[in-house]
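Q: Have a look at this one before I ask anything.
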Amino acid sequence: MECLIQTENVSKTYNARRPDEFRALEDISLRIGQGEVVVLKGPSGSGKTTLLSLIGCMSRPTAGSILVAGKNVAKLPERFLTRTRQRTFGFIFQQFNLLRDITVMENVLLPLYPRETRIGEMQERGRTLLVQLGIESKQHSKVYQLSGGEQQRVAIARALINDPEIVIADEPTAHLDSKLSVDLLGILDNINRMGKTILIATHDPLVYEHPLITRTISMRDGRIEGVSTP
Amino acid sequence: MILHPGILALTCGTALVLLMMIYASALAVKIVLRWDFSSSSEEQLVLERKSYLVSTIVNYALGFEVLSLFLFIFTLDEIHSLFVGAMCATGSLNANPIGWYALYAKIVAFFAAALWIALNYLDGKAEDFPLVKTKFRWLLLLTPLIGLELYLQVAYFLGLHPEIITSCCGSLFSSAGNGIAAELAGLPAKSMMVAFYAAGVLFLLGALPCLRRPSASFRYLFTLLAALFFTLAIAAIVSFISLYIYELPTHHCPFDIFQKNYHFIGYPLYLCLFGGTLFGLMPGLFQGIKRIPSLKQEMERMEKKWVLLAVLLISSFILIVSWPILFGHFKLADYPSFIF
Amino acid sequence: MRHLKILEYALSSLWRRKYKNMAIILVYAFTIAVLASILFLTHALKTEASFLLAEAPELVVQRVSAGRHELIPLEYGDRIRKIPGVAEVHPRFWGYYYDALVEANYTLLEANADHTPLEMLDGHLPAAPGECAIGSGVAAVRKIGPGDDLILVDSTNMGIVFEVTGVFRSPSDLLTNDLVILDRADLIEFFGTPPDLATDISVRVNNPKEINTIAEKIKRQMPDSRPISRSEILRTYAAVFNWRSGMMLSVFAAALVAFCILAWDKATGISAEEKREIGILKAVGWETSDILELKFWEGMAVSLTSLLLGLLAAYVHVFFLGATVLTPVIKGWSVLFPTFRLIPFIDPYQILVIGFLTVPPYVASTVIPSWKAAITDPETAMRG
Ligand SMILES: Nc1ncnc2c1ncn2[C@@H]1O[C@H](COP(=O)(O)OP(=O)(O)O)[C@@H](O)[C@H]1O
Ligand SMILES: [Mg+2]
């Protein structure tokens, strides 16, 4: 299996050399292969989101190296981090992070605005995704008119619009009831089948006990506690 | 001092730009002193983000410089009626010769700001910020230049008095006058024409080895030729190109060509000249950057583009100015006394 | 392509927050309208003045006594005619008349003076004693037309009746609004001008370059004369106008500073909603420079909209409403000029100047706040 993400002794300290210094991550080393579905599990505050943001090129580690598709992103200027993020990752956030007063379609297309894609092609791609997710009838609705489940689907469509290799989902079921959570796992399964690697942070048993998961990494206080493969 | 809205706009605008540039320079000093790319500290991140602010400010400053060059010339044109004997912008400049220096300072500031932005652009192409210290040191030179520009501009406007009797292109822009402008107009048209076209051809030929061979000396030569051509082109505009455009044997004004009577030909003309010169200057001036490993490839790619752009713009310039000479009704030869 | 899409996003984002942006646009447009009114008015007055002077003689010789303008002996004209380089000499007769009935000032002028070509609206110029032609302004305030009588009270307090034979107009209202044209003999009699004196003398010279030399000669030969050249008047006018508008511009500067503070405040205090939006944009792949570009387009859109609105408002204010709001500030001019309608104009240079005086301060006061917004950490989007 090809290694897509590799972290080596990564640590992250917030507010270094200040009274409120906080070591959120310490010595994290892990490898994630192409096509895996990996769950980060752990109590609130254990550093799951921090690790996802480091891997997802949202921020830089205090120490250690992070290889994404063979490229070290630990020391990149923000501009290049953004570029890597644009091309490699799709994000599903805990609190959907949709813009409420623009339409579904516009939300889905947000990641493509700063790229060179033509508008026609953008819309074509957006429509295909919305059809796949079964919400194409809502494409002209404003986000605030949608139900929670529909909003989640819009967020997923947005995560896939740039055709990322890796999809990162942070507590994707936190705002969903159990039926919608099951639906979501179905969608993630489909995404995985399309060949995408998936990285999920969660403390919801419904997720980490799902058969789709290839590996579970348990975290506590910024460290890896254990790794289990079902 | 004449309280004219245009003068006020120029002075206040330049002062504002200077203030912003001083602020940007203060940031630059801080960045140069504390920069440590190997550190993963949050301070380093803050510095990286501050460098965005600096380049944004310089971008706006460049925009201002370009527009203010136009405003400066249009304002000179507006106020010429205040001076006895002035018939166009040249007359206003002659009313207080510091004006010429203010104009030169503006042109130099334009090139400096544009080159800085190019440097900044190159820096953004590499993943290890190779030019941070260099570019912020150069910024510390750009700011005094804007200060000088403001000073000269204010000195010029303060020294203008409506009763001044001045000379204009027609009568005193001729060989009898003094000052650089007068000397330019006094240059013999025929030898000037030969020099101008020779420099143009030389410059365009100089591009060939730059596109084929990697040697640095060809780039330096190209840049030198660009500078030479720019100087000669300005001289040529005053000396004979203007005559063909205005179809008058005595009208040497390099500014009137912006006007509607001459189909706004001045805009494309100067755009090509200034743009072409800028791109012509870059290969030589930025030659040292090729030594930086992370930029070598990018530089080689960009350099080709610059040379091609320079060639394109300068040839368009030569075409624009040759058009009236070749196809216009006006023939300088009809006025033998003006040729030599 | 990318830039166009970011522009599109900027416009739609402005539109979404239209009420918040409306406030800033209105204040911005108001500031611009103040400035533009000042500049339009000054420029229009300058144009009027140059119309006034374009047809004026190259050189006018007055006589000054005890520092005041006096009637000039006709014999001076003969002496001027003998100066080499002088082409023509004409004594001129004119004066002011206060009409107590309508509380207006008229300018009374002889019929054969070399004045601006007048566009007759109706009738003809006076051809015989007892006739007169009037400017459209006079016709309007006195509510008279051709065939009616105009009664003026002369120096001996006698009411004199003139028959109106024509009403005229010229490109500039300023020139003719208050003009009444009489036959020369009538005029001399009306003002009681002694027979060997004229109001002033107009001089034409052969070579315009010699005006100053000739003026000097006149002054030397007749020390109590005051030769005034046309260009001198033009320059004085221009200087006065520039000075006045400079004064008013400082008033405008205060308004501008106030506006900048507002703009800064608005830009700094971006709402939590907007902050969240920028965080999301950055998280989904927008770069700091993309957000800066977004802010640049937003600023441009706001500036251009305000500029357009402000210019429009100023145009209406100055040219259709007669600059009513500004007149108290520029009392100085209302003494110089009677009421009149300005000729509307659109001058790209004026617009450029207005843009230069208003856009850079706005840009400068929003650049730091927009940068602050642009560097929002994308990680914030992950934590909510
Ligand atoms: N910007 C920050 N400054 C200081 N501490 C932070 C910051 N961001 C997160 N933390 C701390 O880091 C720890 C890990 O947070 P997080 O990665 O969000 O945990 P999880 O996602 O597992 O709940 C928490 O205790 C949090 O308070
Ligand atoms: Mg979390």
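Starting from 1 in every chain, residues are counted up; chains themselves are A, B, ... following the order of the structure tokens, and ligands are numbered from 1 as listed.
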Would you name the residues within 7 Å of ligand 2, counting only C-alpha atoms and all ligand atoms, and put them as a PyMOL selection string?

A: (chain A and resi 44-45+48-49+170-171) or (chain C and resi 383)

Q: What are the residues of chain B lining chain A at 9 Å or less? Count only C-alpha atoms, and put the answer as a VMD selection string.

A: chain B and resid 37 to 42 45 48 to 49 124 127 to 129

Q: Tell me as a PyMOL selection string which residues belonging to chain A come within 6 Å of chain C, counting only C-alpha atoms.

A: chain A and resi 58+82+86+111+113-116

Q: Can you pull out every residue within 12 Å of segment 289-291 of chain B, counting only C-alpha atoms, but drop anything in the same chain fewer than 6 positions away, and send it as a list in words?

A: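 Close residues of segment 289-291 of chain B: Ala118, Leu119, Leu122, Asp123, Ala126, Pro130, Leu131, Thr134, Lys135, Pro214, Ser215, Ala216, Arg219, Met282, Pro283, Gln297, Glu298, Met299, Glu300, Arg301, Met302 and Glu303 of chain B.
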
Q: Please tabulate, as a tab-separated table, the residues of chain A that come within 12 Å of ligand 1, each with its closest pair of atoms and the distance in Å to one decimal, counting only C-alpha atoms and all ligand atoms and ordering rows by chain, then residue number upward.

A:
```
residue	atom	partner	partner_atom_place_in_ligand_line	distance
A:Ser11	CA	ligand 1	12 (O)	11.6
A:Lys12	CA	ligand 1	12 (O)	9.0
A:Thr13	CA	ligand 1	4 (C)	8.1
A:Tyr14	CA	ligand 1	4 (C)	4.9
A:Asn15	CA	ligand 1	3 (N)	6.2
A:Ala16	CA	ligand 1	4 (C)	9.4
A:Arg18	CA	ligand 1	4 (C)	10.7
A:Pro19	CA	ligand 1	4 (C)	11.0
A:Asp20	CA	ligand 1	4 (C)	7.4
A:Glu21	CA	ligand 1	4 (C)	7.2
A:Phe22	CA	ligand 1	5 (N)	5.8
A:Arg23	CA	ligand 1	12 (O)	7.2
A:Ala24	CA	ligand 1	12 (O)	4.5
A:Leu25	CA	ligand 1	14 (C)	7.6
A:Glu26	CA	ligand 1	14 (C)	11.1
A:Leu40	CA	ligand 1	22 (O)	8.7
A:Lys41	CA	ligand 1	22 (O)	8.1
A:Gly42	CA	ligand 1	22 (O)	6.4
A:Pro43	CA	ligand 1	22 (O)	6.1
A:Ser44	CA	ligand 1	23 (O)	3.6
A:Gly45	CA	ligand 1	19 (O)	3.5
A:Ser46	CA	ligand 1	22 (O)	4.0
A:Gly47	CA	ligand 1	17 (O)	3.2
A:Lys48	CA	ligand 1	22 (O)	3.8
A:Thr49	CA	ligand 1	21 (O)	3.6
A:Thr50	CA	ligand 1	17 (O)	3.7
A:Leu51	CA	ligand 1	17 (O)	6.5
A:Leu52	CA	ligand 1	17 (O)	8.0
A:Ser53	CA	ligand 1	17 (O)	8.4
A:Leu54	CA	ligand 1	17 (O)	10.0
A:Ser59	CA	ligand 1	1 (N)	10.6
A:Phe93	CA	ligand 1	21 (O)	11.3
A:Gln94	CA	ligand 1	21 (O)	9.8
A:Ala169	CA	ligand 1	21 (O)	11.3
A:Asp170	CA	ligand 1	21 (O)	7.8
A:Glu171	CA	ligand 1	21 (O)	8.3
A:Pro172	CA	ligand 1	21 (O)	11.9
A:Ala174	CA	ligand 1	23 (O)	11.9
A:Ile200	CA	ligand 1	21 (O)	11.0
A:Ala201	CA	ligand 1	21 (O)	7.5
A:Thr202	CA	ligand 1	22 (O)	8.3
A:His203	CA	ligand 1	22 (O)	8.9
A:Ser218	CA	ligand 1	22 (O)	10.4
A:Met219	CA	ligand 1	22 (O)	8.0
A:Arg220	CA	ligand 1	22 (O)	8.2
A:Asp221	CA	ligand 1	14 (C)	7.8
A:Gly222	CA	ligand 1	14 (C)	7.0
A:Arg223	CA	ligand 1	22 (O)	10.7
A:Ile224	CA	ligand 1	22 (O)	11.6
```

Q: Counting only C-alpha atoms, a student should be able to say which residues of chain B come within 8 Å of chain C; what is the right answer, written as an NGL selection string?

A: :B and (2-6 or 9-10 or 12-13 or 16 or 20 or 49 or 52-53 or 56-57 or 71 or 74 or 81-83 or 162)

Q: Using only C-alpha atoms, determine which residues lie at most 9 Å from Met21 of chain B, disregarding the query and same-chain residues fewer than 3 positions distant; provide the list as a list in words.

A: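 Everything that qualifies: Leu16, Val17, Leu18, Ala24, Ser25, Ala26, Val54, Ile57, Val58, Ala61, Leu139, Leu142, Thr143 and Ile146 of chain B.
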
Q: Apply DSSP to the backbone of this structure and, from segment 22-222 of chain A, keep only the residues in helix (DSSP H, G or I); write these as JSON, numbers by chain.

A: {"A": [48, 49, 50, 51, 52, 53, 54, 55, 78, 79, 80, 81, 82, 83, 84, 85, 86, 87, 88, 104, 105, 106, 107, 108, 109, 110, 111, 112, 119, 120, 121, 122, 123, 124, 125, 126, 127, 128, 129, 130, 131, 132, 136, 137, 138, 143, 144, 145, 148, 149, 150, 151, 152, 153, 154, 155, 156, 157, 158, 159, 160, 178, 179, 180, 181, 182, 183, 184, 185, 186, 187, 188, 189, 190, 191, 192, 193, 205, 206, 207, 208]}

Q: Find the residues around segment 205-214 of chain A up to 8 Å (only C-alpha atoms counted), leave out those fewer than 4 positions away in its own chain, and share them as a PyMOL selection string.

A: chain A and resi 36-39+41+181-182+185+189+229-230

Q: Would you kindly return, as a PyMOL selection string, each protein, DNA or RNA residue with an atom no farther than 7 Å from any atom of Cys132 of chain C, considering only C-alpha atoms and excluding same-chain residues fewer than 2 positions away?

A: chain C and resi 125-126+130+134+162-165+180-182

Q: Considering only C-alpha atoms, return as a ChimeraX atom specification whatever protein or nucleic-acid residues lie within 12 Å of Ile325 of chain B, sequence-local ones (same chain, fewer than 5 positions apart) excluded.

A: /B:193,237,240-247,318-320,330-333

Q: Taking the backbone alone, and naming residues the way the document does, which bits of segment 144-360 of chain C are strand (DSSP E or B) by DSSP, as a PyMOL selection string?

A: chain C and resi 149-153+159-169+179-182+197-198+200-205+225-229

Q: In Å, with one decimal, what is the gap from atom CA of Gly266 of chain B to atom CA of Pro254 of chain B?

A: 8.7 Å

Q: Please, what distance in Å, to one decimal, runs between atom CA of Trp264 of chain C and atom CA of Tyr60 of chain B?

A: 17.0 Å

Q: Return the single residue from C:Leu108, C:Ile214, C:Ala198, C:Leu307 that is closest to Asp154 of chain C, with distances computed using only C-alpha atoms.

A: C:Leu108

Q: By how many Å are atom CA of Ala105 of chain B and atom CA of Asn120 of chain B apart?

A: 22.0 Å
